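Next comes structure-v3.csv, a file with CSV, C-alpha atoms and all ligand atoms.
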chain,number,residue,atom,x,y,z
A,143,MET,CA,-13.9,-34.1,25.3
A,144,LYS,CA,-15.1,-35.1,28.8
A,145,LEU,CA,-17.2,-32.0,29.3
A,146,LEU,CA,-19.3,-32.6,26.2
A,147,GLU,CA,-19.6,-36.4,26.9
A,148,GLU,CA,-21.0,-35.6,30.4
A,149,LYS,CA,-23.4,-33.1,29.0
A,150,ILE,CA,-24.7,-35.7,26.4
A,151,LYS,CA,-25.0,-38.3,29.2
A,152,ASN,CA,-26.9,-36.0,31.5
A,153,GLU,CA,-29.1,-34.1,29.1
A,154,GLY,CA,-29.1,-35.9,25.8
A,155,GLN,CA,-32.2,-37.8,24.7
A,156,VAL,CA,-32.0,-40.9,22.6
A,157,ILE,CA,-34.8,-41.2,20.1
A,158,GLY,CA,-35.3,-44.7,18.6
A,159,THR,CA,-32.0,-46.3,17.6
A,160,ASP,CA,-30.2,-43.6,15.8
A,161,ILE,CA,-31.2,-40.0,16.7
A,162,LEU,CA,-29.6,-38.2,19.6
A,163,LYS,CA,-31.5,-35.1,20.7
A,164,VAL,CA,-29.4,-32.4,22.2
A,165,ASP,CA,-31.8,-29.5,21.9
A,166,MET,CA,-31.1,-28.3,25.5
A,167,PHE,CA,-27.5,-27.3,24.9
A,168,LEU,CA,-26.7,-27.4,21.1
A,169,ASN,CA,-29.6,-27.5,18.7
A,170,HIS,CA,-32.3,-25.2,20.2
A,171,GLN,CA,-31.1,-23.7,23.5
A,172,ILE,CA,-27.4,-23.1,23.4
A,173,ASP,CA,-24.9,-23.5,26.2
A,174,VAL,CA,-22.5,-20.7,25.3
A,175,ASN,CA,-19.8,-21.7,27.8
A,176,LEU,CA,-19.8,-25.3,26.6
A,177,LEU,CA,-19.6,-24.1,23.0
A,178,ASP,CA,-16.7,-21.8,23.9
A,179,GLU,CA,-14.8,-24.8,25.3
A,180,MET,CA,-15.6,-26.7,22.1
A,181,GLY,CA,-14.2,-23.8,20.1
A,182,LYS,CA,-11.1,-23.8,22.2
A,183,GLU,CA,-10.6,-27.5,21.7
A,184,PHE,CA,-11.0,-27.3,17.9
A,185,TYR,CA,-8.4,-24.5,18.0
A,186,ARG,CA,-6.0,-26.8,20.0
A,187,LEU,CA,-6.5,-29.6,17.5
A,188,PHE,CA,-6.2,-27.6,14.3
A,189,LYS,CA,-4.0,-24.6,15.1
A,190,ASN,CA,-0.8,-23.9,13.1
A,191,LYS,CA,-2.3,-25.4,10.0
A,192,GLY,CA,-2.8,-22.1,8.1
A,193,ILE,CA,-6.6,-22.2,8.4
A,194,ASN,CA,-8.0,-18.9,7.1
A,195,LYS,CA,-11.7,-19.7,7.0
A,196,ILE,CA,-14.3,-21.9,8.7
A,197,LEU,CA,-17.1,-23.4,6.7
A,198,THR,CA,-20.2,-24.9,8.2
A,199,VAL,CA,-23.8,-25.7,7.2
A,200,GLU,CA,-26.9,-23.8,8.4
A,201,SER,CA,-28.3,-23.8,11.0
A,202,SER,CA,-26.9,-26.0,13.8
A,203,GLY,CA,-23.3,-25.7,12.8
A,204,ILE,CA,-23.2,-21.9,12.9
A,205,ALA,CA,-22.9,-21.4,16.7
A,206,ILE,CA,-20.1,-23.9,17.0
A,207,ALA,CA,-18.3,-22.5,14.0
A,208,VAL,CA,-18.6,-18.9,15.3
A,209,MET,CA,-17.1,-19.9,18.7
A,210,THR,CA,-14.3,-21.7,17.0
A,211,ALA,CA,-13.6,-18.9,14.6
A,212,LYS,CA,-13.1,-16.5,17.5
A,213,TYR,CA,-10.1,-18.6,18.5
A,214,PHE,CA,-8.7,-18.7,15.0
A,215,ASN,CA,-9.6,-15.1,14.3
A,216,VAL,CA,-11.0,-16.0,10.9
A,217,PRO,CA,-14.4,-15.6,9.2
A,218,VAL,CA,-17.2,-18.2,9.1
A,219,VAL,CA,-19.0,-19.0,5.9
A,220,PHE,CA,-22.1,-21.1,6.2
A,221,ALA,CA,-23.5,-23.2,3.4
A,222,LYS,CA,-27.2,-22.6,2.9
A,223,LYS,CA,-29.8,-25.3,2.3
A,224,SER,CA,-32.2,-24.6,-0.6
A,225,SER,CA,-35.2,-26.6,-1.7
A,226,HIS,CA,-34.9,-25.2,-5.2
A,227,LYS,CA,-33.0,-27.2,-7.8
A,228,ASN,CA,-32.4,-24.2,-10.0
A,229,VAL,CA,-29.9,-22.3,-7.9
A,230,GLY,CA,-28.2,-20.1,-10.5
A,231,ASN,CA,-24.6,-19.4,-11.6
A,232,GLU,CA,-23.5,-17.3,-8.7
A,233,VAL,CA,-23.1,-20.2,-6.3
A,234,TYR,CA,-21.4,-23.5,-5.9
A,235,SER,CA,-24.0,-26.2,-5.3
A,236,ALA,CA,-24.2,-29.9,-4.3
A,237,HIS,CA,-27.1,-32.2,-4.0
A,238,SER,CA,-27.5,-33.5,-0.4
A,239,HIS,CA,-29.9,-35.4,1.8
A,240,SER,CA,-30.9,-34.5,5.4
A,241,PHE,CA,-30.5,-37.4,7.8
A,242,THR,CA,-32.9,-35.8,10.4
A,243,HIS,CA,-35.5,-34.5,8.0
A,244,GLY,CA,-35.3,-37.3,5.5
A,245,LYS,CA,-35.4,-34.8,2.6
A,246,ASP,CA,-33.2,-33.9,-0.3
A,247,TYR,CA,-31.9,-30.4,-0.7
A,248,GLU,CA,-29.3,-28.3,-2.6
A,249,MET,CA,-26.4,-27.1,-0.5
A,250,ILE,CA,-25.2,-23.8,-1.8
A,251,VAL,CA,-22.3,-21.4,-1.1
A,252,SER,CA,-21.8,-18.1,-3.0
A,253,LYS,CA,-18.8,-18.1,-5.3
A,254,LYS,CA,-17.8,-14.8,-3.6
A,255,TYR,CA,-16.8,-16.6,-0.3
A,256,LEU,CA,-14.7,-19.5,-1.4
A,257,SER,CA,-11.5,-19.4,-3.5
A,258,PRO,CA,-8.4,-21.6,-4.3
A,259,THR,CA,-6.4,-19.6,-1.8
A,260,ASP,CA,-8.6,-20.7,1.1
A,261,ASN,CA,-7.5,-23.3,3.7
A,262,ILE,CA,-10.8,-24.5,5.2
A,263,LEU,CA,-11.8,-26.1,8.4
A,264,PHE,CA,-15.2,-27.6,8.1
A,265,ILE,CA,-17.2,-27.7,11.4
A,266,ASP,CA,-20.5,-29.3,12.0
A,267,ASP,CA,-22.7,-30.4,15.0
A,268,PHE,CA,-23.2,-34.1,14.0
A,269,LEU,CA,-21.6,-36.6,11.7
A,270,ALA,CA,-23.8,-39.6,10.8
A,271,GLY,CA,-23.7,-41.1,7.3
A,272,GLY,CA,-21.6,-38.3,6.0
A,273,ASN,CA,-24.0,-36.8,3.5
A,274,ALA,CA,-23.5,-33.2,4.6
A,275,ALA,CA,-19.7,-33.7,4.7
A,276,PHE,CA,-19.6,-35.2,1.2
A,277,SER,CA,-21.6,-32.3,-0.2
A,278,VAL,CA,-19.2,-29.9,1.4
A,279,LEU,CA,-16.3,-31.8,-0.1
A,280,ASP,CA,-18.0,-31.5,-3.5
A,281,ILE,CA,-18.5,-27.7,-3.1
A,282,LEU,CA,-14.8,-27.3,-2.0
A,283,LYS,CA,-13.7,-29.2,-5.0
A,284,GLN,CA,-15.7,-26.9,-7.3
A,285,SER,CA,-14.2,-23.8,-5.7
A,286,GLY,CA,-10.6,-25.1,-5.6
A,287,ALA,CA,-10.3,-24.4,-1.9
A,288,ASN,CA,-8.2,-26.7,0.2
A,289,LEU,CA,-9.8,-28.7,3.0
A,290,VAL,CA,-7.4,-28.8,6.0
A,291,GLY,CA,-9.7,-30.8,8.3
A,292,ILE,CA,-13.1,-31.6,9.7
A,293,GLY,CA,-14.2,-30.8,13.2
A,294,ILE,CA,-17.3,-32.5,14.5
A,295,ALA,CA,-19.0,-32.0,17.8
A,296,ILE,CA,-20.8,-35.3,18.0
A,297,GLU,CA,-19.9,-38.2,15.7
A,298,LYS,CA,-22.2,-41.3,15.8
A,299,GLY,CA,-19.5,-43.9,15.4
A,300,PHE,CA,-22.0,-46.6,14.6
A,301,GLN,CA,-22.9,-44.9,11.4
A,302,ASP,CA,-20.3,-45.0,8.6
A,303,GLY,CA,-19.6,-41.3,7.7
A,304,GLY,CA,-16.5,-41.0,10.0
A,305,LYS,CA,-15.0,-44.3,8.7
A,306,LYS,CA,-15.4,-43.2,5.1
A,307,LEU,CA,-13.9,-39.8,5.6
A,308,ARG,CA,-10.9,-41.2,7.6
A,309,GLU,CA,-10.3,-43.8,4.9
A,310,MET,CA,-10.0,-40.9,2.4
A,311,GLY,CA,-7.1,-39.6,4.5
A,312,ILE,CA,-9.0,-36.6,5.8
A,313,GLU,CA,-8.1,-35.3,9.2
A,314,LEU,CA,-11.3,-35.7,11.1
A,315,GLN,CA,-11.5,-34.8,14.8
A,316,SER,CA,-14.7,-35.4,16.7
A,317,LEU,CA,-15.1,-34.1,20.3
A,318,ALA,CA,-17.4,-37.0,21.3
A,319,ILE,CA,-17.8,-40.2,19.4
A,320,VAL,CA,-21.0,-42.1,20.3
A,321,GLU,CA,-20.2,-45.8,20.1
A,322,GLY,CA,-23.7,-47.1,20.8
A,323,MET,CA,-27.0,-45.8,22.2
A,324,ASP,CA,-30.5,-46.9,23.0
A,325,GLU,CA,-33.5,-45.5,24.8
A,326,THR,CA,-33.0,-47.7,27.9
A,327,ASN,CA,-29.3,-47.7,28.5
A,328,GLY,CA,-28.4,-44.3,27.1
A,329,VAL,CA,-25.2,-43.5,25.4
A,330,SER,CA,-21.7,-45.0,25.4
A,331,PHE,CA,-18.6,-43.3,24.0
A,332,ARG,CA,-15.5,-44.4,22.1
A,333,GLU,CA,-12.3,-43.8,24.1
A,334,GLN,CA,-10.1,-41.2,22.4
A,335,GLY,CA,-6.4,-40.6,22.7
A,336,SER,CA,-5.2,-37.0,22.5
A,337,GLU,CA,-7.9,-34.9,24.1
A,338,THR,CA,-7.5,-32.4,26.8
A,339,ARG,CA,-9.1,-33.5,30.1
A,340,ASN,CA,-11.8,-30.9,30.5
B,1,LIG,P1,-25.0,-36.9,7.9
B,1,LIG,O1,-25.1,-35.9,6.8
B,1,LIG,O2,-23.6,-37.1,8.3
B,1,LIG,O3,-25.7,-38.2,7.6
B,1,LIG,O4,-25.8,-36.2,9.1
B,1,LIG,C1,-25.3,-35.1,9.7
B,1,LIG,C2,-26.3,-34.0,9.7
B,1,LIG,O5,-27.6,-34.5,10.1
B,1,LIG,C3,-25.8,-33.0,10.8
B,1,LIG,O6,-25.6,-31.7,10.2
B,1,LIG,C4,-27.0,-32.9,11.7
B,1,LIG,O7,-27.6,-31.6,11.6
B,1,LIG,C5,-28.0,-34.0,11.4
B,1,LIG,N1,-27.9,-35.1,12.3
B,1,LIG,C6,-27.5,-36.4,12.0
B,1,LIG,N2,-27.7,-37.2,13.1
B,1,LIG,C7,-28.2,-36.4,14.1
B,1,LIG,C8,-28.7,-36.7,15.4
B,1,LIG,O8,-28.6,-37.9,15.9
B,1,LIG,N3,-29.2,-35.7,16.1
B,1,LIG,C9,-29.3,-34.4,15.6
B,1,LIG,N4,-29.8,-33.5,16.4
B,1,LIG,N5,-28.9,-34.1,14.3
B,1,LIG,C10,-28.4,-35.1,13.6

Spit out the file's structure as structure tokens when you get a sec.
Amino acid sequence: MKLLEEKIKNEGQVIGTDILKVDMFLNHQIDVNLLDEMGKEFYRLFKNKGINKILTVESSGIAIAVMTAKYFNVPVVFAKKSSHKNVGNEVYSAHSHSFTHGKDYEMIVSKKYLSPTDNILFIDDFLAGGNAAFSVLDILKQSGANLVGIGIAIEKGFQDGGKKLREMGIELQSLAIVEGMDETNGVSFREQGSETRN
């Protein structure tokens, strides 16, 4: 999605070799019009697939998921991150690891909000090694809900999460795929086929 790529090029900040900071439009301050366009694009990519619920992970995925859910006219459920290992019987839980914070956590979703009749679109802000996505897959498996696809705002294509998920046959659509980045030369993107030119 050209609009997102331009925004990353102009306002993103590369930290070291593998962290892209986009606090000025996605992770701290939020550009509502950009997120609205992202929601519209996810709708274009996943409409007519019977999606009845959008699942994301707190906190950075929530804004994108909400904007997307407006187009699908479905609810958003967000997985919570808990530092407690003992999370109780009322929730589905999966062990995970935060790429940005370097910490382990339990990802939890109340059993009330996922069921075998659900057709889920999982939305997140970033895809790196895929830890968050694999924990979500684990939770969906426990609940019996069906994963229709995964929509990611920014995939770092030089990390292997995307490759692993596509190899599993999962429909993964990323609005921008960063092919490479460094502090001096900035960010380069993978060419993608079927996007709308906005
Ligand atoms: P993964 O679980 O795929 O390794 O990493 C994805 C999660 O880590 C995302 O939910 C996102 O919050 C965070 N993340 C991974 N890489 C980056 C990055 O370069 N920048 C930011 N801001 N967050 C990232």

Exercise for the section: Between A:Ala295, A:Ala221, A:Val208, A:Ala274, single out the one closest to His239 of chain A, counting only C-alpha atoms. Expected result: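 Looking at the shortest contact to His239 of chain A, the residue is A:Ala274.
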
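When all atoms listed in the file are used to compute distances to Ala270 of chain A, the closest of the residues A:Ser257, A:Asn228, A:Ser240, A:Ser252 turns out to be A:Ser240.
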
Handout entry: All residues 7 Å or closer to Asp280 of chain A, only C-alpha atoms, same chain fewer than 4 positions away omitted, as a PyMOL selection string
Key = chain A and resi 236+276+284

Handout entry: Protein and nucleic residues near ligand LIG 1 (chain B), 9 Å, only C-alpha atoms and all ligand atoms, as an MDAnalysis selection string
Key = chainID A and resid 156:157 160:165 168:169 198:203 238:243 266:277 296:298 301:304

Practice task
Identify the residues within 8 Å of coordinate (-11.2, -28.8, 9.3) (same frame as the file), considering all atoms listed in the file, and give the answer as a PyMOL selection string.
Solution key: chain A and resi 188+196+262-265+289-293+313-314

Exercise for the section: Have a look at A:Gly244, A:Gly335, A:Gly328, A:Gly181 and name the one nearest to Ile150 of chain A; count all atoms listed in the file. Expected result: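 Of all the options, A:Gly328 lies closest to Ile150 of chain A.
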
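You can rank A:Lys195, A:Gly158, A:Asn288, A:Lys212 by their closest distance to Glu179 of chain A using all atoms listed in the file, and at the top of that list sits A:Lys212.
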
Practice task
Have a look at atom CA of Asn190 of chain A and atom CA of Phe214 of chain A and let me know their distance in Å, one decimal.
Solution key: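 So the answer is 9.6 Å.
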
Practice task
Kindly give the distance, in Å, that separates atom CA of Lys144 of chain A and atom CA of Val216 of chain A, rounded to a single decimal.
Solution key: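 Interatomic distance here is 26.5 Å.
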
Practice task
Enter the distance from atom CA of Asn215 of chain A to atom CA of Leu187 of chain A, in Å, rounded to one decimal.
Solution key: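 For atom CA of Asn215 of chain A relative to atom CA of Leu187 of chain A, the distance reads 15.2 Å.
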
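Checking A:Phe167, A:Asn261, A:Val218, A:Gly299 one by one against Gly322 of chain A, counting all atoms listed in the file, you find the shortest gap at A:Gly299.
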
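With only C-alpha atoms as the atoms that count, the residue of A:Ala287, A:Ile319, A:Leu282, A:Val229 with the shortest distance to Pro258 of chain A is A:Ala287.
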